[in-house]
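J.: My questions all concern the structure below.
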There are 2 protein chains.
Amino acid sequence: MKARVLIRPKEGILDPQGKAVERALPALGFDGVSHVRVGRLVELEAEDGADLEALCEKLLANPLIEDYEILSTGSESG
Amino acid sequence: MKARVLIRPKEGILDPQGKAVERALPALGFDGVSHVRVGRLVELEAEDGADLEALCEKLLANPLIEDYEILSTGSESG
């Protein structure tokens, strides 16, 4: 199974990278973009039964300050 | 419009973060996970007509070494 894990800072947690992007936008001529949050994307292939929840909790995300979301993106293996 | 931008290293480009995750897995007791690639996730709210393609090319991604994908995730604004 191919999976995507989306990791983002929790609501209310300061996101300096997102703020930096937001501030850079007007200088580059982009208007109308707001609420920018920057997180991480992890793509992986897992055998059936692999415990992705535990993997996220222990390795990929910091559950104190980050939310994660696991999306399955297909069953191809290779 | 809410949008998600997924940015990942291009095929063939070395991904040391992904390799580091892969190597950490067996030590933590996770088997059967492979092909780990680590990229970035950017979530934002854009007004209609905002040119997200150009935004990705110029600010969010490095098109030489990264692929990006823009996903619309709804039309709520707030």
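By order in the structure tokens, chains are A, B, ...; within a chain, residues start at 1; ligands start at 1, following the order shown.
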Find the spatial neighbours of B:Asp31, counting only C-alpha atoms, within a cut-off of 10 Å - ignore same-chain residues fewer than 4 positions away - and output them as an MDAnalysis selection string.
T.: (chainID A and resid 46:47 49:51) or (chainID B and resid 22 25:27)
J.: Give me a file of those residues, with N, CA, C and O atoms, as a short mmCIF file (atom, residue, chain, number, x, y, z; two decimals), in the first residue's frame.
T.:
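Printed below is part37.cif as written:
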```cif
data_model
loop_
_atom_site.label_atom_id
_atom_site.label_comp_id
_atom_site.auth_asym_id
_atom_site.auth_seq_id
_atom_site.Cartn_x
_atom_site.Cartn_y
_atom_site.Cartn_z
N ALA A 46 3.99 0.72 2.43
CA ALA A 46 3.89 -0.13 3.61
C ALA A 46 3.25 -1.45 3.24
O ALA A 46 2.34 -1.50 2.42
N GLU A 47 3.74 -2.52 3.83
CA GLU A 47 3.06 -3.80 3.67
C GLU A 47 1.77 -3.76 4.46
O GLU A 47 1.65 -3.02 5.43
N GLY A 49 -0.83 -4.30 7.12
CA GLY A 49 -0.66 -4.60 8.54
C GLY A 49 0.37 -3.72 9.23
O GLY A 49 0.45 -3.72 10.45
N ALA A 50 1.16 -3.01 8.45
CA ALA A 50 2.12 -2.10 9.08
C ALA A 50 1.33 -1.05 9.86
O ALA A 50 0.31 -0.54 9.40
N ASP A 51 1.79 -0.74 11.04
CA ASP A 51 1.03 0.13 11.93
C ASP A 51 1.46 1.58 11.73
O ASP A 51 2.31 2.11 12.43
N GLU B 22 14.00 5.67 6.94
CA GLU B 22 14.03 4.24 6.61
C GLU B 22 14.97 3.47 7.52
O GLU B 22 14.69 2.35 7.93
N LEU B 25 13.61 2.86 11.11
CA LEU B 25 12.43 2.02 11.29
C LEU B 25 12.69 0.69 11.97
O LEU B 25 12.01 0.36 12.95
N PRO B 26 13.67 -0.11 11.51
CA PRO B 26 13.85 -1.42 12.15
C PRO B 26 14.18 -1.30 13.64
O PRO B 26 13.70 -2.09 14.44
N ALA B 27 14.95 -0.29 14.00
CA ALA B 27 15.32 -0.13 15.40
C ALA B 27 14.10 0.15 16.27
O ALA B 27 14.08 -0.15 17.46
#
```
J.: Pull out every residue of chain A that has at least one atom within 6 Å of chain B, counting only C-alpha atoms, and report them as a PyMOL selection string.
T.: chain A and resi 32-47
J.: Emit the selected residues as a compact mmCIF listing (two decimals), in the first residue's frame, including C-alpha atoms.
T.:
```txt
# COMPACT_ATOMS: atom_id res chain seq x y z
CA GLY A 32 -4.93 37.19 -1.79
CA VAL A 33 -3.07 34.34 -0.17
CA SER A 34 -3.40 33.93 3.57
CA HIS A 35 -3.37 31.42 6.41
CA VAL A 36 -0.22 29.76 5.21
CA ARG A 37 0.93 26.79 7.29
CA VAL A 38 4.01 24.80 6.44
CA GLY A 39 4.32 21.17 7.46
CA ARG A 40 5.85 17.95 6.24
CA LEU A 41 4.84 15.35 3.71
CA VAL A 42 6.03 11.76 4.03
CA GLU A 43 5.34 9.28 1.24
CA LEU A 44 6.01 5.62 1.82
CA GLU A 45 5.13 2.10 0.85
CA ALA A 46 3.89 -0.13 3.61
CA GLU A 47 3.06 -3.80 3.67
```
J.: Run DSSP on the backbone and grab whatever in chain A lands in strand (DSSP E or B); send it over as a PyMOL selection string.
T.: chain A and resi 2-9+33-46+66-74
J.: As JSON, numbers by chain, please: every residue in chain B that DSSP puts in alpha helix (DSSP H).
T.: {"B": [16, 17, 18, 19, 20, 21, 22, 23, 24, 25, 26, 27, 52, 53, 54, 55]}
J.: Atom CA of A:Arg23 and atom CA of B:Glu53, how far apart in Å?
T.: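 Atom CA of A:Arg23 lies 18.3 Å from atom CA of B:Glu53.
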